[in-house]
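Here the structure is laid out as structure tokens; the discussion comes afterwards.
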Amino acid sequence: MSTPADHRRALLLLVVCGLCWSTGGLLIKLVDWHPLAIWSARSAIAGAMLYLVCRPSLRRITRAEWAAAAALAATTGLFILSNKLTTAANAILIQYSAPIWIALLGAWFLNERATRLDWITIGLVLGGITLFFFEQLTFDHVAGNLVALAAGVAFAFSAMTLRKVALVGDSDPLRPMFLGNLLGAVIGAPFMLMHAGPDSTGWLALLGLGVVQQAAAYLCYAWAIRHATALEAMLIPVIEPVLSPVWVALAFGERPGPWALVGGVIVVGAVVARGALGSRRARV
């Protein structure tokens, strides 16, 4: 049974998770390699780190764990593919339709109903992300946009299935996370062999992607998902798409425009308010 202190700690860890995820845009820019090769290498490094930390048994894996692993692998793979087929702005915005799917399906899948506060937060977050990437959005690239939508659905099911695993007895969400990265490493491996590898800077960036952007984030997420709802586990880390271009801007001088700044303030403000109000409700 989660206590209010557990819930507050879970929300804080979800913020840390979002911070770790947000380093992806900067680190990927430093890797000159095929996107699916990057996916495979990043997944392999993250999987190795998770194995060293949790030493998961591969016996008696449940259907729920396989479902969570498949959803996690699909999320990362489809997102990278959507970035190849459409603009990065479209890929990010459409993928972050995921909270809507959780709000609609959470009651059926997890018996976790979205509150009015949740719907208001979802609206503000999507509006803020739209403003943040407004100048880069396009109605072209239909195939890529559909892949991004599939990534959003997979992202939603990843959060819901991991939450379901966490609610079952002593099940550890880290095991399906390890399996999901193992699947990504294996599926993307042919692309590593088909293309020349990156330089030393690229390999260092890949190490950062695997250790910080993935493994460290998953460790935070695995603990948090036990004490936060699936929708909270989606809404709180949504600071990722806003912070990711910030790190790129600081490193490469790509300054965001005024609409992006307004959108970023809305997203961060909505997430902070949702976390504060959610914690207050948990104490009541």
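FYI, nothing fancy with the structure tokens labels: chains A, B, ... in order, residues from 1 per chain, ligands from 1 as they appear.
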Range 46-139 of chain A near range 17-36 of chain A within 10 Å: what's each residue's closest atom pair and its distance in Å to one decimal, counting only C-alpha atoms, ordered by chain then ascending residue number, as JSON lines?
{"residue": "A:Thr76", "atom": "CA", "partner": "A:Leu36", "partner_atom": "CA", "distance": 9.8}
{"residue": "A:Gly77", "atom": "CA", "partner": "A:Leu36", "partner_atom": "CA", "distance": 7.3}
{"residue": "A:Leu78", "atom": "CA", "partner": "A:Leu36", "partner_atom": "CA", "distance": 9.8}
{"residue": "A:Ile80", "atom": "CA", "partner": "A:Pro35", "partner_atom": "CA", "distance": 6.4}
{"residue": "A:Leu81", "atom": "CA", "partner": "A:Pro35", "partner_atom": "CA", "distance": 7.5}
{"residue": "A:Asn83", "atom": "CA", "partner": "A:Pro35", "partner_atom": "CA", "distance": 8.8}
{"residue": "A:Lys84", "atom": "CA", "partner": "A:Pro35", "partner_atom": "CA", "distance": 7.7}
{"residue": "A:Ala88", "atom": "CA", "partner": "A:Gly25", "partner_atom": "CA", "distance": 9.8}
Closest atom pairs, range 64-115 of chain A residues within 10 Å of range 184-208 of chain A, only C-alpha atoms, as CSV:
residue,atom,partner,partner_atom,distance
A:Ala69,CA,A:Gly184,CA,9.5
A:Ala70,CA,A:Gly184,CA,9.0
A:Leu72,CA,A:Gly184,CA,8.8
A:Ala73,CA,A:Gly184,CA,5.4
A:Ala74,CA,A:Gly184,CA,8.1
A:Thr75,CA,A:Gly184,CA,9.9
A:Thr76,CA,A:Gly184,CA,7.9
A:Gly77,CA,A:Gly184,CA,7.1
With C-alpha atoms retained, export the selected residues as an mmCIF file, in the first residue's frame.
data_model
loop_
_atom_site.group_PDB
_atom_site.id
_atom_site.type_symbol
_atom_site.label_atom_id
_atom_site.label_comp_id
_atom_site.auth_asym_id
_atom_site.auth_seq_id
_atom_site.Cartn_x
_atom_site.Cartn_y
_atom_site.Cartn_z
ATOM 1 C CA ALA A 69 8.369 -5.601 -22.820
ATOM 2 C CA ALA A 70 6.846 -5.628 -26.316
ATOM 3 C CA LEU A 72 8.393 -0.730 -24.492
ATOM 4 C CA ALA A 73 10.367 -2.028 -27.486
ATOM 5 C CA ALA A 74 7.625 -0.883 -29.884
ATOM 6 C CA THR A 75 7.590 2.598 -28.333
ATOM 7 C CA THR A 76 11.307 3.231 -28.768
ATOM 8 C CA GLY A 77 11.512 1.608 -32.206
#
Could you give me, as a compact mmCIF listing (two decimals) with C-alpha atoms, in the first residue's frame, each residue of range 54-92 of chain A that DSSP assigns to alpha helix (DSSP H) when run on this structure's backbone?
# COMPACT_ATOMS: atom_id res chain seq x y z
CA CYS A 54 18.51 -6.16 -10.96
CA ARG A 63 2.08 -12.64 -20.26
CA ALA A 64 1.78 -9.21 -18.65
CA GLU A 65 5.57 -8.89 -18.51
CA TRP A 66 5.96 -9.91 -22.16
CA ALA A 67 3.23 -7.42 -23.10
CA ALA A 68 5.05 -4.65 -21.20
CA ALA A 69 8.37 -5.60 -22.82
CA ALA A 70 6.85 -5.63 -26.32
CA ALA A 71 5.12 -2.26 -25.73
CA LEU A 72 8.39 -0.73 -24.49
CA ALA A 73 10.37 -2.03 -27.49
CA ALA A 74 7.62 -0.88 -29.88
CA THR A 75 7.59 2.60 -28.33
CA THR A 76 11.31 3.23 -28.77
CA GLY A 77 11.51 1.61 -32.21
CA LEU A 78 8.43 3.33 -33.65
CA PHE A 79 9.51 6.71 -32.28
CA ILE A 80 12.92 6.46 -33.95
CA LEU A 81 11.26 5.31 -37.19
CA SER A 82 8.73 8.17 -37.07
CA ASN A 83 11.61 10.66 -36.74
CA LYS A 84 12.96 9.17 -39.96
CA LEU A 85 9.63 9.50 -41.82
CA ALA A 88 10.91 15.69 -35.22
CA ALA A 89 8.23 18.17 -34.13
CA ASN A 90 5.42 16.05 -35.60
CA ALA A 91 6.88 12.87 -34.10
CA ILE A 92 7.09 14.35 -30.60
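By only C-alpha atoms, and with residues fewer than 4 positions from Leu52 in chain A along its chain excluded, the set lying at most 12 Å from it is A:Ile45, A:Ala46, A:Gly47, A:Ala48, A:Pro56, A:Ser57, A:Leu174, A:Arg175, A:Phe178, A:Val211, A:Ala215, A:Leu219.
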Quick one: residues within 8 Å of Phe133 in chain A, only C-alpha atoms counted, chain neighbours fewer than 3 positions away excluded, as a ChimeraX atom specification?
-> /A:89,93,129-130,136-137,260
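The nearest approach to Trp101 in chain A among the residues A:Ala5, A:Ala150, A:Ala37, A:Leu13, with only C-alpha atoms taken into account, belongs to A:Ala150.
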Considering only C-alpha atoms, return as an MDAnalysis selection string whatever protein or nucleic-acid residues lie within 9 Å of range 114-119 of chain A, sequence-local ones (same chain, fewer than 4 positions apart) excluded.
-> chainID A and resid 100 102:104 106:107 123:124 231:232 235 274 277:278
CA of Tyr218 in chain A to CA of Met177 in chain A: how many Å, to one decimal?
-> 7.2 Å
Shell of 9 Å around Asp6 in chain A, only C-alpha atoms, local chain residues under 5 positions omitted, as a list in words = Leu11, Ala224, His227 and Ala228 of chain A
